[in-house]
$ cat input_21.csv   # CSV, C-alpha atoms and all ligand atoms
chain,number,residue,atom,x,y,z
O,1,MET,CA,100.9,83.8,76.8
O,2,GLY,CA,99.6,80.3,76.2
O,3,TYR,CA,100.2,78.9,79.6
O,4,SER,CA,97.2,77.5,81.4
O,5,ILE,CA,99.1,77.8,84.7
O,6,PRO,CA,101.4,80.8,84.8
O,7,LEU,CA,104.3,81.2,87.1
O,8,PHE,CA,102.7,84.1,88.8
O,9,ASP,CA,99.4,85.9,88.7
O,10,LEU,CA,98.4,89.3,90.2
O,11,ASN,CA,96.3,89.2,93.3
O,12,TYR,CA,94.2,92.1,92.1
O,13,ASP,CA,90.5,92.9,92.5
O,14,LYS,CA,88.2,96.0,92.4
O,15,ARG,CA,90.2,97.6,95.3
O,16,GLU,CA,93.2,98.2,93.1
O,17,GLU,CA,91.0,99.7,90.3
O,18,ASP,CA,89.2,102.0,92.8
O,19,ALA,CA,92.5,103.1,94.3
O,20,ILE,CA,93.8,104.2,90.9
O,21,ILE,CA,90.5,105.9,89.9
O,22,SER,CA,90.3,107.9,93.1
O,23,THR,CA,94.0,109.0,92.8
O,24,LEU,CA,93.3,110.2,89.3
O,25,LYS,CA,90.2,112.1,90.6
O,26,GLU,CA,92.2,113.7,93.3
O,27,LYS,CA,94.5,115.0,90.6
O,28,TRP,CA,97.9,114.7,92.3
O,29,ILE,CA,99.5,111.8,90.4
O,30,SER,CA,103.3,112.3,91.0
O,31,SER,CA,105.0,111.8,94.4
O,32,GLY,CA,102.7,113.1,97.1
O,33,PRO,CA,100.2,112.1,99.8
O,34,LYS,CA,99.8,108.5,98.6
O,35,CYS,CA,103.6,108.0,98.7
O,36,GLU,CA,103.7,109.4,102.2
O,37,GLU,CA,100.8,107.2,103.3
O,38,LEU,CA,102.5,104.1,101.9
O,39,GLU,CA,105.7,105.1,103.6
O,40,ARG,CA,104.0,105.5,107.0
O,41,ARG,CA,102.1,102.2,106.7
O,42,PHE,CA,105.2,100.3,105.5
O,43,ALA,CA,107.4,101.7,108.3
O,44,ASP,CA,104.7,100.7,110.9
O,45,ALA,CA,104.2,97.3,109.5
O,46,LEU,CA,108.0,96.7,109.5
O,47,GLY,CA,108.6,98.3,112.8
O,48,VAL,CA,111.2,100.7,111.4
O,49,LYS,CA,111.5,104.5,112.0
O,50,TYR,CA,111.8,105.5,108.3
O,51,ALA,CA,110.5,104.2,105.0
O,52,LEU,CA,111.1,105.9,101.7
O,53,THR,CA,109.3,105.1,98.5
O,54,VAL,CA,111.5,104.8,95.5
O,55,SER,CA,111.1,104.0,91.8
O,56,SER,CA,112.5,100.4,92.2
O,57,CYS,CA,114.6,98.2,94.4
O,58,THR,CA,117.5,98.8,92.1
O,59,SER,CA,117.3,102.5,92.9
O,60,ALA,CA,117.0,101.7,96.6
O,61,LEU,CA,120.2,99.6,96.4
O,62,HIS,CA,122.0,102.4,94.6
O,63,ILE,CA,121.0,104.9,97.2
O,64,ALA,CA,121.7,102.5,100.0
O,65,LEU,CA,125.3,102.0,98.8
O,66,LEU,CA,125.8,105.8,98.5
O,67,CYS,CA,124.4,106.3,102.0
O,68,ALA,CA,126.8,103.5,103.3
O,69,GLY,CA,129.6,105.6,101.9
O,70,ILE,CA,130.7,102.8,99.4
O,71,GLN,CA,133.3,104.2,97.0
O,72,PRO,CA,135.5,103.2,94.1
O,73,GLY,CA,138.1,100.7,95.4
O,74,ASP,CA,135.8,99.3,98.0
O,75,GLU,CA,134.6,95.7,97.9
O,76,VAL,CA,131.1,94.6,98.7
O,77,ILE,CA,130.3,90.9,99.4
O,78,VAL,CA,127.2,89.7,97.6
O,79,PRO,CA,125.7,86.2,96.8
O,80,SER,CA,125.9,85.1,93.2
O,81,LEU,CA,122.5,83.5,93.6
O,82,THR,CA,120.5,86.7,93.3
O,83,PHE,CA,119.0,88.9,90.7
O,84,VAL,CA,121.7,90.8,88.8
O,85,ALA,CA,120.5,94.2,90.1
O,86,THR,CA,121.9,93.4,93.5
O,87,ALA,CA,125.4,93.2,92.0
O,88,ASN,CA,124.9,96.0,89.4
O,89,ALA,CA,124.2,98.5,92.2
O,90,ILE,CA,127.7,97.9,93.6
O,91,ARG,CA,129.2,98.8,90.2
O,92,TYR,CA,127.1,102.0,90.0
O,93,VAL,CA,129.1,103.4,92.9
O,94,GLY,CA,132.4,102.2,91.4
O,95,ALA,CA,133.0,99.5,93.9
O,96,SER,CA,133.6,95.8,93.2
O,97,PRO,CA,131.2,93.0,94.0
O,98,VAL,CA,132.8,89.9,95.5
O,99,PHE,CA,130.7,86.9,94.9
O,100,CYS,CA,130.0,84.5,97.8
O,101,ASP,CA,128.7,80.9,97.7
O,102,ILE,CA,125.5,79.7,99.3
O,103,GLU,CA,125.3,77.4,102.4
O,104,SER,CA,123.8,74.3,100.8
O,105,LEU,CA,121.3,72.9,98.4
O,106,ALA,CA,118.8,72.7,101.3
O,107,ASN,CA,119.6,76.3,102.4
O,108,PRO,CA,120.5,78.3,99.3
O,109,THR,CA,121.2,81.6,101.2
O,110,ILE,CA,124.6,83.2,101.5
O,111,ASP,CA,127.1,81.2,103.6
O,112,PRO,CA,128.5,83.1,106.6
O,113,ALA,CA,131.6,80.9,106.8
O,114,GLU,CA,132.4,81.8,103.2
O,115,ILE,CA,131.7,85.5,103.8
O,116,GLU,CA,134.4,85.5,106.5
O,117,LYS,CA,136.9,84.0,104.1
O,118,LEU,CA,136.2,86.8,101.6
O,119,ILE,CA,136.6,89.7,104.1
O,120,ASN,CA,139.7,91.8,103.7
O,121,LYS,CA,140.7,95.5,104.3
O,122,LYS,CA,138.8,96.6,101.3
O,123,THR,CA,135.5,95.0,102.4
O,124,LYS,CA,133.1,97.8,103.3
O,125,ALA,CA,129.7,96.1,103.1
O,126,ILE,CA,127.7,92.9,102.6
O,127,ILE,CA,124.5,92.8,100.7
O,128,VAL,CA,122.5,89.8,101.8
O,129,MET,CA,119.5,88.5,99.8
O,130,HIS,CA,116.7,86.6,101.6
O,131,TYR,CA,116.2,84.0,98.9
O,132,GLY,CA,112.6,83.1,98.3
O,133,GLY,CA,111.6,85.0,101.5
O,134,PHE,CA,113.7,82.7,103.7
O,135,PRO,CA,116.1,84.5,106.0
O,136,CYS,CA,119.8,84.4,105.6
O,137,ALA,CA,121.7,83.4,108.8
O,138,MET,CA,121.4,87.0,110.1
O,139,ASP,CA,122.6,86.2,113.6
O,140,ARG,CA,126.0,85.1,112.3
O,141,ILE,CA,126.2,87.7,109.6
O,142,VAL,CA,125.5,90.5,112.1
O,143,GLU,CA,128.3,89.1,114.3
O,144,LEU,CA,130.7,89.1,111.4
O,145,ALA,CA,129.7,92.7,110.4
O,146,ASN,CA,130.3,93.9,114.0
O,147,LYS,CA,133.6,92.0,114.3
O,148,TYR,CA,135.0,93.5,111.0
O,149,GLU,CA,133.1,96.8,111.1
O,150,ILE,CA,131.3,96.1,107.8
O,151,LYS,CA,127.9,97.5,106.9
O,152,ILE,CA,124.9,95.3,106.1
O,153,ILE,CA,122.5,96.1,103.4
O,154,GLU,CA,119.5,93.8,103.0
O,155,ASP,CA,118.1,93.1,99.6
O,156,ALA,CA,114.7,92.1,101.0
O,157,CYS,CA,112.9,92.0,97.7
O,158,HIS,CA,111.7,88.5,98.3
O,159,ALA,CA,110.8,89.0,102.0
O,160,PRO,CA,108.2,91.7,102.9
O,161,MET,CA,106.9,91.2,106.4
O,162,VAL,CA,109.0,88.2,107.3
O,163,ALA,CA,109.8,87.9,111.0
O,164,TYR,CA,113.2,86.9,112.2
O,165,ALA,CA,114.3,86.8,115.8
O,166,GLY,CA,111.8,89.5,116.9
O,167,LYS,CA,112.5,91.8,113.9
O,168,MET,CA,111.4,92.0,110.3
O,169,LEU,CA,113.7,91.2,107.5
O,170,GLY,CA,114.9,94.4,105.9
O,171,SER,CA,115.1,96.0,109.4
O,172,ILE,CA,118.2,94.2,110.7
O,173,GLY,CA,121.0,95.8,108.6
O,174,MET,CA,121.7,99.4,108.2
O,175,ILE,CA,119.3,99.7,105.3
O,176,GLY,CA,116.7,97.4,103.8
O,177,CYS,CA,115.6,97.5,100.1
O,178,PHE,CA,112.3,96.2,98.8
O,179,SER,CA,110.8,95.8,95.3
O,180,PHE,CA,107.2,96.3,94.3
O,181,PHE,CA,107.8,95.0,90.7
O,182,SER,CA,104.8,93.3,89.2
O,183,ASN,CA,105.8,89.7,90.2
O,184,LYS,CA,106.8,90.5,93.8
O,185,ASN,CA,104.6,89.9,96.8
O,186,ILE,CA,103.5,93.5,96.8
O,187,SER,CA,102.9,94.2,93.0
O,188,ILE,CA,102.4,97.7,91.6
O,189,GLY,CA,104.2,97.5,88.2
O,190,GLU,CA,107.4,99.3,89.1
O,191,GLY,CA,108.4,100.6,92.5
O,192,GLY,CA,110.2,99.9,95.7
O,193,MET,CA,111.0,101.0,99.3
O,194,LEU,CA,114.1,101.8,101.3
O,195,VAL,CA,113.9,101.4,105.1
O,196,THR,CA,116.2,102.4,107.9
O,197,ASP,CA,116.3,103.3,111.6
O,198,ASP,CA,119.1,105.8,111.1
O,199,GLU,CA,117.9,109.4,110.7
O,200,ARG,CA,121.0,110.6,108.9
O,201,VAL,CA,120.7,107.8,106.3
O,202,TYR,CA,117.0,108.6,105.9
O,203,GLU,CA,117.7,112.3,105.3
O,204,LYS,CA,120.5,111.6,102.8
O,205,ALA,CA,118.4,109.0,101.0
O,206,LYS,CA,115.6,111.4,100.7
O,207,LEU,CA,117.9,114.0,99.0
O,208,LEU,CA,119.4,111.4,96.7
O,209,ARG,CA,116.0,110.2,95.6
O,210,SER,CA,115.1,113.6,94.2
O,211,HIS,CA,118.0,115.4,92.6
O,212,GLY,CA,119.6,116.4,95.9
O,213,MET,CA,116.8,119.0,96.2
O,214,THR,CA,115.9,120.2,99.7
O,215,VAL,CA,112.2,120.4,98.9
O,216,MET,CA,109.8,118.3,96.8
O,217,SER,CA,107.3,119.7,94.4
O,218,TYR,CA,104.4,118.5,96.5
O,219,GLN,CA,105.6,120.7,99.4
O,220,ARG,CA,105.9,123.6,97.0
O,221,ALA,CA,102.4,123.0,95.5
O,222,THR,CA,100.9,122.8,99.0
O,223,GLY,CA,102.5,126.1,99.9
O,224,HIS,CA,105.0,124.7,102.4
O,225,ALA,CA,108.0,126.0,100.6
O,226,LEU,CA,108.8,128.6,98.0
O,227,GLY,CA,112.4,127.8,96.9
O,228,TYR,CA,114.9,125.1,97.2
O,229,ASP,CA,118.6,124.4,97.2
O,230,VAL,CA,120.5,121.4,95.7
O,231,VAL,CA,123.0,120.0,98.2
O,232,GLU,CA,123.8,116.5,96.8
O,233,LEU,CA,124.3,115.0,93.3
O,234,GLY,CA,120.9,113.3,93.4
O,235,TYR,CA,118.8,111.3,91.0
O,236,ASN,CA,115.2,111.0,90.0
O,237,TYR,CA,114.3,107.8,91.9
O,238,ARG,CA,110.9,108.9,93.0
O,239,LEU,CA,107.7,106.7,93.0
O,240,ASP,CA,104.4,108.3,91.9
O,241,ASP,CA,101.1,108.4,93.7
O,242,ILE,CA,99.3,106.2,91.2
O,243,HIS,CA,101.7,103.4,91.9
O,244,ALA,CA,101.7,104.2,95.6
O,245,ALA,CA,97.9,103.9,95.7
O,246,LEU,CA,98.2,100.4,94.4
O,247,GLY,CA,100.9,99.8,97.0
O,248,ILE,CA,98.6,100.8,99.9
O,249,VAL,CA,96.0,98.3,98.7
O,250,GLN,CA,98.5,95.6,98.1
O,251,LEU,CA,100.1,96.1,101.6
O,252,THR,CA,96.7,95.7,103.3
O,253,LYS,CA,96.2,92.5,101.4
O,254,LEU,CA,99.7,91.1,102.1
O,255,LYS,CA,98.9,89.2,105.3
O,256,GLU,CA,96.1,87.2,103.7
O,257,ASP,CA,98.3,86.7,100.6
O,258,LEU,CA,101.1,85.3,102.7
O,259,LYS,CA,98.7,82.9,104.5
O,260,ARG,CA,97.4,81.6,101.2
O,261,ARG,CA,101.0,81.1,99.9
O,262,SER,CA,101.9,79.2,103.0
O,263,LYS,CA,99.0,76.8,102.4
O,264,ILE,CA,100.2,76.4,98.8
O,265,ARG,CA,103.7,75.6,100.0
O,266,LYS,CA,102.3,73.0,102.3
O,267,LYS,CA,100.3,71.4,99.5
O,268,TYR,CA,103.4,71.2,97.3
O,269,LEU,CA,105.3,69.6,100.1
O,270,LEU,CA,102.6,67.1,100.7
O,271,TYR,CA,102.9,65.9,97.1
O,272,LEU,CA,106.6,66.2,96.7
O,273,GLN,CA,108.5,65.7,99.9
O,274,ASP,CA,108.6,61.9,99.6
O,275,PHE,CA,109.5,61.9,95.9
O,276,ASN,CA,113.2,61.4,95.8
O,277,GLY,CA,113.6,62.9,92.3
O,278,VAL,CA,113.6,66.3,93.8
O,279,LEU,CA,115.0,68.0,96.9
O,280,ILE,CA,113.0,70.9,98.4
O,281,PRO,CA,115.0,73.8,99.7
O,282,PHE,CA,114.1,74.9,103.3
O,283,LEU,CA,112.1,71.7,103.8
O,284,ASP,CA,112.6,71.7,107.6
O,285,TYR,CA,112.3,75.5,108.0
O,286,GLU,CA,109.4,76.3,110.3
O,287,GLY,CA,109.7,80.0,110.8
O,288,SER,CA,108.1,83.0,109.0
O,289,THR,CA,108.5,83.3,105.2
O,290,SER,CA,106.9,85.1,102.4
O,291,ASN,CA,107.0,82.2,99.9
O,292,TYR,CA,107.8,84.6,97.2
O,293,ILE,CA,108.7,81.7,95.0
O,294,PHE,CA,108.5,77.9,95.3
O,295,PRO,CA,111.9,76.5,94.2
O,296,ILE,CA,112.7,72.8,93.8
O,297,PHE,CA,116.0,71.2,93.1
O,298,CYS,CA,116.1,68.2,90.6
O,299,ARG,CA,118.6,65.6,91.5
O,300,ALA,CA,119.0,64.8,87.8
O,301,ASP,CA,121.6,66.6,85.7
O,302,VAL,CA,121.2,69.9,84.0
O,303,SER,CA,119.9,68.5,80.7
O,304,GLU,CA,117.3,66.4,82.4
O,305,ARG,CA,116.3,69.5,84.4
O,306,ASP,CA,115.9,71.4,81.1
O,307,ARG,CA,113.9,68.5,79.6
O,308,LEU,CA,111.6,68.6,82.6
O,309,ARG,CA,111.0,72.3,82.2
O,310,SER,CA,110.1,71.7,78.5
O,311,TYR,CA,107.8,68.9,79.5
O,312,LEU,CA,106.0,71.1,82.0
O,313,LYS,CA,105.8,73.9,79.4
O,314,ASP,CA,104.3,71.5,76.8
O,315,ASN,CA,101.7,70.6,79.4
O,316,GLY,CA,100.8,74.3,80.0
O,317,VAL,CA,102.8,74.9,83.2
O,318,GLN,CA,105.1,77.9,83.2
O,319,THR,CA,108.3,77.6,85.3
O,320,SER,CA,111.3,79.7,85.8
O,321,MET,CA,114.9,79.6,87.3
O,322,HIS,CA,116.0,81.6,90.3
O,323,TYR,CA,118.6,82.5,89.2
O,324,PRO,CA,121.3,82.0,86.6
O,325,PRO,CA,124.4,82.7,88.8
O,326,VAL,CA,125.5,86.3,88.5
O,327,HIS,CA,129.2,85.5,88.4
O,328,GLN,CA,128.6,83.6,85.1
O,329,PHE,CA,127.2,86.6,83.2
O,330,SER,CA,129.6,88.1,80.7
O,331,ILE,CA,130.1,91.4,82.5
O,332,TYR,CA,130.9,89.6,85.8
O,333,GLN,CA,133.2,86.9,84.6
O,334,SER,CA,136.3,88.7,85.8
O,335,ALA,CA,134.9,89.7,89.1
O,336,LYS,CA,136.3,88.4,92.4
O,337,ARG,CA,134.7,85.4,93.9
O,338,GLY,CA,135.1,82.7,96.5
O,339,LYS,CA,134.3,79.1,95.8
O,340,MET,CA,131.1,78.8,93.8
O,341,SER,CA,130.5,75.0,93.8
O,342,VAL,CA,127.3,75.0,95.7
O,343,THR,CA,125.8,77.9,93.7
O,344,GLU,CA,126.7,76.3,90.4
O,345,GLU,CA,125.3,72.9,91.5
O,346,TYR,CA,122.1,74.5,92.8
O,347,CYS,CA,121.6,76.5,89.6
O,348,ASN,CA,122.0,73.5,87.4
O,349,GLY,CA,119.1,71.7,89.2
O,350,GLU,CA,116.7,74.5,90.3
O,351,ILE,CA,113.2,75.0,88.9
O,352,THR,CA,110.8,77.6,90.2
O,353,LEU,CA,107.2,76.3,90.2
O,354,PRO,CA,104.1,78.5,90.0
O,355,MET,CA,103.2,80.4,93.2
O,356,TYR,CA,100.4,82.9,93.6
O,357,ALA,CA,97.3,83.3,95.8
O,358,ALA,CA,94.8,81.9,93.2
O,359,LEU,CA,96.8,78.7,92.6
O,360,SER,CA,94.3,75.9,93.4
O,361,ASP,CA,94.9,72.5,95.0
O,362,GLU,CA,94.0,70.9,91.6
O,363,HIS,CA,96.7,72.9,89.9
O,364,ILE,CA,99.2,71.8,92.5
O,365,GLU,CA,98.2,68.2,92.1
O,366,TYR,CA,98.5,68.5,88.3
O,367,ILE,CA,101.9,70.2,88.4
O,368,THR,CA,103.4,67.7,90.9
O,369,ASN,CA,102.1,64.7,89.0
O,370,LEU,CA,103.7,66.1,85.8
O,371,ILE,CA,107.0,66.5,87.7
O,372,LYS,CA,106.9,62.9,88.9
O,373,LYS,CA,105.9,61.6,85.5
O,374,GLY,CA,108.4,63.8,83.7
O,375,LEU,CA,111.3,62.7,85.9
O,376,MET,CA,110.4,59.0,85.8
O,377,ARG,CA,110.0,59.0,82.0
O,378,GLN,CA,113.6,60.1,81.5
A,1,LIG,C1,113.2,92.0,91.8
A,1,LIG,C2,114.5,92.1,92.5
A,1,LIG,C3,115.4,93.1,92.4
A,1,LIG,C4,115.1,94.3,91.5
A,1,LIG,O1,113.9,95.0,91.8
A,1,LIG,P1,113.4,96.2,90.9
A,1,LIG,O2,112.3,96.8,91.7
A,1,LIG,O3,112.9,95.6,89.7
A,1,LIG,O4,114.6,97.1,90.6
A,1,LIG,C5,116.6,93.1,93.1
A,1,LIG,N1,116.9,92.1,93.8
A,1,LIG,C6,116.1,91.0,93.9
A,1,LIG,C7,116.5,89.8,94.8
A,1,LIG,C8,114.9,90.9,93.3
A,1,LIG,O5,114.1,89.9,93.3
$ encode --input "input_21.csv" --output "structure tokens"
Amino acid sequence: MGYSIPLFDLNYDKREEDAIISTLKEKWISSGPKCEELERRFADALGVKYALTVSSCTSALHIALLCAGIQPGDEVIVPSLTFVATANAIRYVGASPVFCDIESLANPTIDPAEIEKLINKKTKAIIVMHYGGFPCAMDRIVELANKYEIKIIEDACHAPMVAYAGKMLGSIGMIGCFSFFSNKNISIGEGGMLVTDDERVYEKAKLLRSHGMTVMSYQRATGHALGYDVVELGYNYRLDDIHAALGIVQLTKLKEDLKRRSKIRKKYLLYLQDFNGVLIPFLDYEGSTSNYIFPIFCRADVSERDRLRSYLKDNGVQTSMHYPPVHQFSIYQSAKRGKMSVTEEYCNGEITLPMYAALSDEHIEYITNLIKKGLMRQ
């Protein structure tokens, strides 16, 4: 790919290889004991009653909305500053996403004051997204949800094992959705997890994950069941045991990985916090985070931001943008929205810098020097 410093690199070693090989040798490769083990471990780590492996976070979000009873005609409030899958899932169930602005450039998570303005009789749910692994203002959002009897679904893709007021992100709302896509904190290729404390949600989610069938093939193969019924219009949103085996290893490595990322963030801050060409989101935040990404905001205009990205690319540093605002994509241009001024300003200045466990201090010094040189040159 030509970059000497990529945006992201897998934190893999022999343990992942061994996990795959032993799963192959055990000869059960579709959804089975490895998925169940990953579910148990994830639920324990998160402090929730139920965790359900799924094929992606997108399928978790789809199932979550179905379990929340979201229907055509309903409105679901969602940040525009998210990956498009968060909004797409709302359309899968025939409901309408209503896009909400973020709080500020310094705290680019969904703005509770703006949420309240968007709530009406049709509003049935809010999907929050913990940007970069930094918590949304869940205390205020929970208050709003209680006041207006609205369900909360957490898109916690960026935030595995992030503590917030005595709970873990993903376990605060009715349902939490996680992704194990290759560039996430827990990387397995494709996969995800749905978590909940509600037994009825769990039972329904389990049915929807596998064709609405009352029994899974592993249970039949192991002699626990002979036949099955189909009681819901379900999907094939299962994970398989090869990916789950990777997930088990990645989950055991997560704590160390998060520690390493936190050191990397501190190094970046050391070099960048006094440089007034950029603003660093969540600069004063001292709580728990996953550091899924390291975003910076360039105070220059959008063309200078793009020039800086090219300059970094020419010098071997891959960057990204999180995210192009969803409300500006063609298919969402006619969707309902509140004011979007902060989201639009943020997205015109944001650059995502490399973040992964193996990123060295020398790399960080090199990247931050390029940023200072690049912005002063302009
Ligand atoms: C990655 C991501 C998704 C989609 O996850 P998949 O597992 O690829 O479906 C959804 N929302 C956010 C915020 C993400 O970062």
$ closest_atom_pairs --input "input_21.csv" --of "segment 117-217 of chain O" --to "segment 30-54 of chain O" --cutoff "8 Å" --atoms "all atoms listed in the file" --output "tab-separated table"
residue	atom	partner	partner_atom	distance
O:Met161	CA	O:Leu46	CA	6.4
O:Lys167	CA	O:Gly47	CA	7.7
O:Met168	CA	O:Leu46	CA	5.9
O:Ser171	CA	O:Val48	CA	6.4
O:Gly191	CA	O:Val54	CA	6.0
O:Gly192	CA	O:Val54	CA	5.1
O:Met193	CA	O:Thr53	CA	4.5
O:Leu194	CA	O:Leu52	CA	5.1
O:Val195	CA	O:Ala51	CA	4.4
O:Thr196	CA	O:Tyr50	CA	5.4
O:Asp197	CA	O:Lys49	CA	5.0
O:Asp198	CA	O:Lys49	CA	7.8
O:Glu199	CA	O:Tyr50	CA	7.6
O:Tyr202	CA	O:Tyr50	CA	6.5
O:Ala205	CA	O:Leu52	CA	8.0
O:Lys206	CA	O:Leu52	CA	7.2
O:Arg209	CA	O:Val54	CA	7.0
$ residues_near_ligand --input "input_21.csv" --ligand "ligand LIG 1 (chain A)" --cutoff "7 Å" --atoms "all atoms listed in the file" --output "list in words"
Ser56, Cys57, Thr58, Ser59, Thr82, Phe83, Ala85, Thr86, Met129, Asp155, Ala156, Cys157, His158, Ser179, Phe180, Phe181, Lys184, Glu190, Gly191 and Gly192 of chain O
$ residues_around --input "input_21.csv" --residues "Glu365 of chain O" --least-positions-apart "6" --cutoff "9 Å" --atoms "all atoms listed in the file" --output "NGL selection string"
:O and (267-268 or 271)
$ atom_distance --input "input_21.csv" --atom1 "atom CA of Glu203 of chain O" --atom2 "atom CA of Val162 of chain O"
25.7 Å
$ residues_around --input "input_21.csv" --residues "segment 13-25 of chain O" --least-positions-apart "4" --cutoff "7 Å" --atoms "only C-alpha atoms" --output "list in words"
Ile29, Ile242, Ala245, Leu246 and Val249 of chain O
$ residues_around --input "input_21.csv" --residues "segment 312-322 of chain O" --least-positions-apart "4" --cutoff "10 Å" --atoms "only C-alpha atoms" --output "PyMOL selection string"
chain O and resi 1-8+81-83+131-132+293-296+306-308+346-355+363+366-368+370-371+374
$ decode --input "input_21.csv" --residues "segment 30-44 of chain O" --atoms "N, CA, C and O atoms" --output "PDB file, in the first residue's frame"
ATOM      1  N   SER O  30     -18.434 -23.394  11.734  1.00  0.00           N
ATOM      2  CA  SER O  30     -19.530 -22.411  11.733  1.00  0.00           C
ATOM      3  C   SER O  30     -19.865 -22.058  13.181  1.00  0.00           C
ATOM      4  O   SER O  30     -19.143 -22.423  14.100  1.00  0.00           O
ATOM      5  N   SER O  31     -20.963 -21.342  13.392  1.00  0.00           N
ATOM      6  CA  SER O  31     -21.302 -20.877  14.741  1.00  0.00           C
ATOM      7  C   SER O  31     -21.413 -22.037  15.721  1.00  0.00           C
ATOM      8  O   SER O  31     -22.169 -22.974  15.493  1.00  0.00           O
ATOM      9  N   GLY O  32     -20.647 -22.014  16.790  1.00  0.00           N
ATOM     10  CA  GLY O  32     -20.630 -23.130  17.737  1.00  0.00           C
ATOM     11  C   GLY O  32     -19.951 -22.746  19.038  1.00  0.00           C
ATOM     12  O   GLY O  32     -20.151 -21.638  19.530  1.00  0.00           O
ATOM     13  N   PRO O  33     -19.125 -23.664  19.580  1.00  0.00           N
ATOM     14  CA  PRO O  33     -18.558 -23.430  20.917  1.00  0.00           C
ATOM     15  C   PRO O  33     -17.676 -22.187  21.021  1.00  0.00           C
ATOM     16  O   PRO O  33     -17.650 -21.538  22.072  1.00  0.00           O
ATOM     17  N   LYS O  34     -16.953 -21.840  19.967  1.00  0.00           N
ATOM     18  CA  LYS O  34     -16.090 -20.645  20.037  1.00  0.00           C
ATOM     19  C   LYS O  34     -16.936 -19.380  20.125  1.00  0.00           C
ATOM     20  O   LYS O  34     -16.611 -18.446  20.854  1.00  0.00           O
ATOM     21  N   CYS O  35     -18.023 -19.348  19.365  1.00  0.00           N
ATOM     22  CA  CYS O  35     -18.935 -18.200  19.459  1.00  0.00           C
ATOM     23  C   CYS O  35     -19.501 -18.103  20.870  1.00  0.00           C
ATOM     24  O   CYS O  35     -19.558 -17.018  21.449  1.00  0.00           O
ATOM     25  N   GLU O  36     -19.892 -19.257  21.427  1.00  0.00           N
ATOM     26  CA  GLU O  36     -20.468 -19.238  22.779  1.00  0.00           C
ATOM     27  C   GLU O  36     -19.441 -18.780  23.814  1.00  0.00           C
ATOM     28  O   GLU O  36     -19.767 -18.022  24.733  1.00  0.00           O
ATOM     29  N   GLU O  37     -18.198 -19.216  23.638  1.00  0.00           N
ATOM     30  CA  GLU O  37     -17.150 -18.795  24.579  1.00  0.00           C
ATOM     31  C   GLU O  37     -16.903 -17.285  24.476  1.00  0.00           C
ATOM     32  O   GLU O  37     -16.782 -16.588  25.489  1.00  0.00           O
ATOM     33  N   LEU O  38     -16.850 -16.792  23.243  1.00  0.00           N
ATOM     34  CA  LEU O  38     -16.640 -15.345  23.062  1.00  0.00           C
ATOM     35  C   LEU O  38     -17.795 -14.554  23.681  1.00  0.00           C
ATOM     36  O   LEU O  38     -17.576 -13.518  24.320  1.00  0.00           O
ATOM     37  N   GLU O  39     -19.009 -15.060  23.518  1.00  0.00           N
ATOM     38  CA  GLU O  39     -20.176 -14.384  24.102  1.00  0.00           C
ATOM     39  C   GLU O  39     -20.072 -14.330  25.626  1.00  0.00           C
ATOM     40  O   GLU O  39     -20.284 -13.280  26.238  1.00  0.00           O
ATOM     41  N   ARG O  40     -19.714 -15.477  26.229  1.00  0.00           N
ATOM     42  CA  ARG O  40     -19.587 -15.520  27.704  1.00  0.00           C
ATOM     43  C   ARG O  40     -18.526 -14.539  28.179  1.00  0.00           C
ATOM     44  O   ARG O  40     -18.726 -13.769  29.109  1.00  0.00           O
ATOM     45  N   ARG O  41     -17.381 -14.578  27.527  1.00  0.00           N
ATOM     46  CA  ARG O  41     -16.274 -13.715  27.954  1.00  0.00           C
ATOM     47  C   ARG O  41     -16.610 -12.240  27.760  1.00  0.00           C
ATOM     48  O   ARG O  41     -16.253 -11.394  28.577  1.00  0.00           O
ATOM     49  N   PHE O  42     -17.268 -11.936  26.661  1.00  0.00           N
ATOM     50  CA  PHE O  42     -17.598 -10.532  26.371  1.00  0.00           C
ATOM     51  C   PHE O  42     -18.631 -10.022  27.373  1.00  0.00           C
ATOM     52  O   PHE O  42     -18.509  -8.913  27.894  1.00  0.00           O
ATOM     53  N   ALA O  43     -19.632 -10.856  27.654  1.00  0.00           N
ATOM     54  CA  ALA O  43     -20.666 -10.451  28.621  1.00  0.00           C
ATOM     55  C   ALA O  43     -20.040 -10.216  29.994  1.00  0.00           C
ATOM     56  O   ALA O  43     -20.344  -9.225  30.668  1.00  0.00           O
ATOM     57  N   ASP O  44     -19.135 -11.104  30.399  1.00  0.00           N
ATOM     58  CA  ASP O  44     -18.455 -10.935  31.699  1.00  0.00           C
ATOM     59  C   ASP O  44     -17.640  -9.656  31.724  1.00  0.00           C
ATOM     60  O   ASP O  44     -17.693  -8.892  32.683  1.00  0.00           O
TER      61      ASP O  44
END
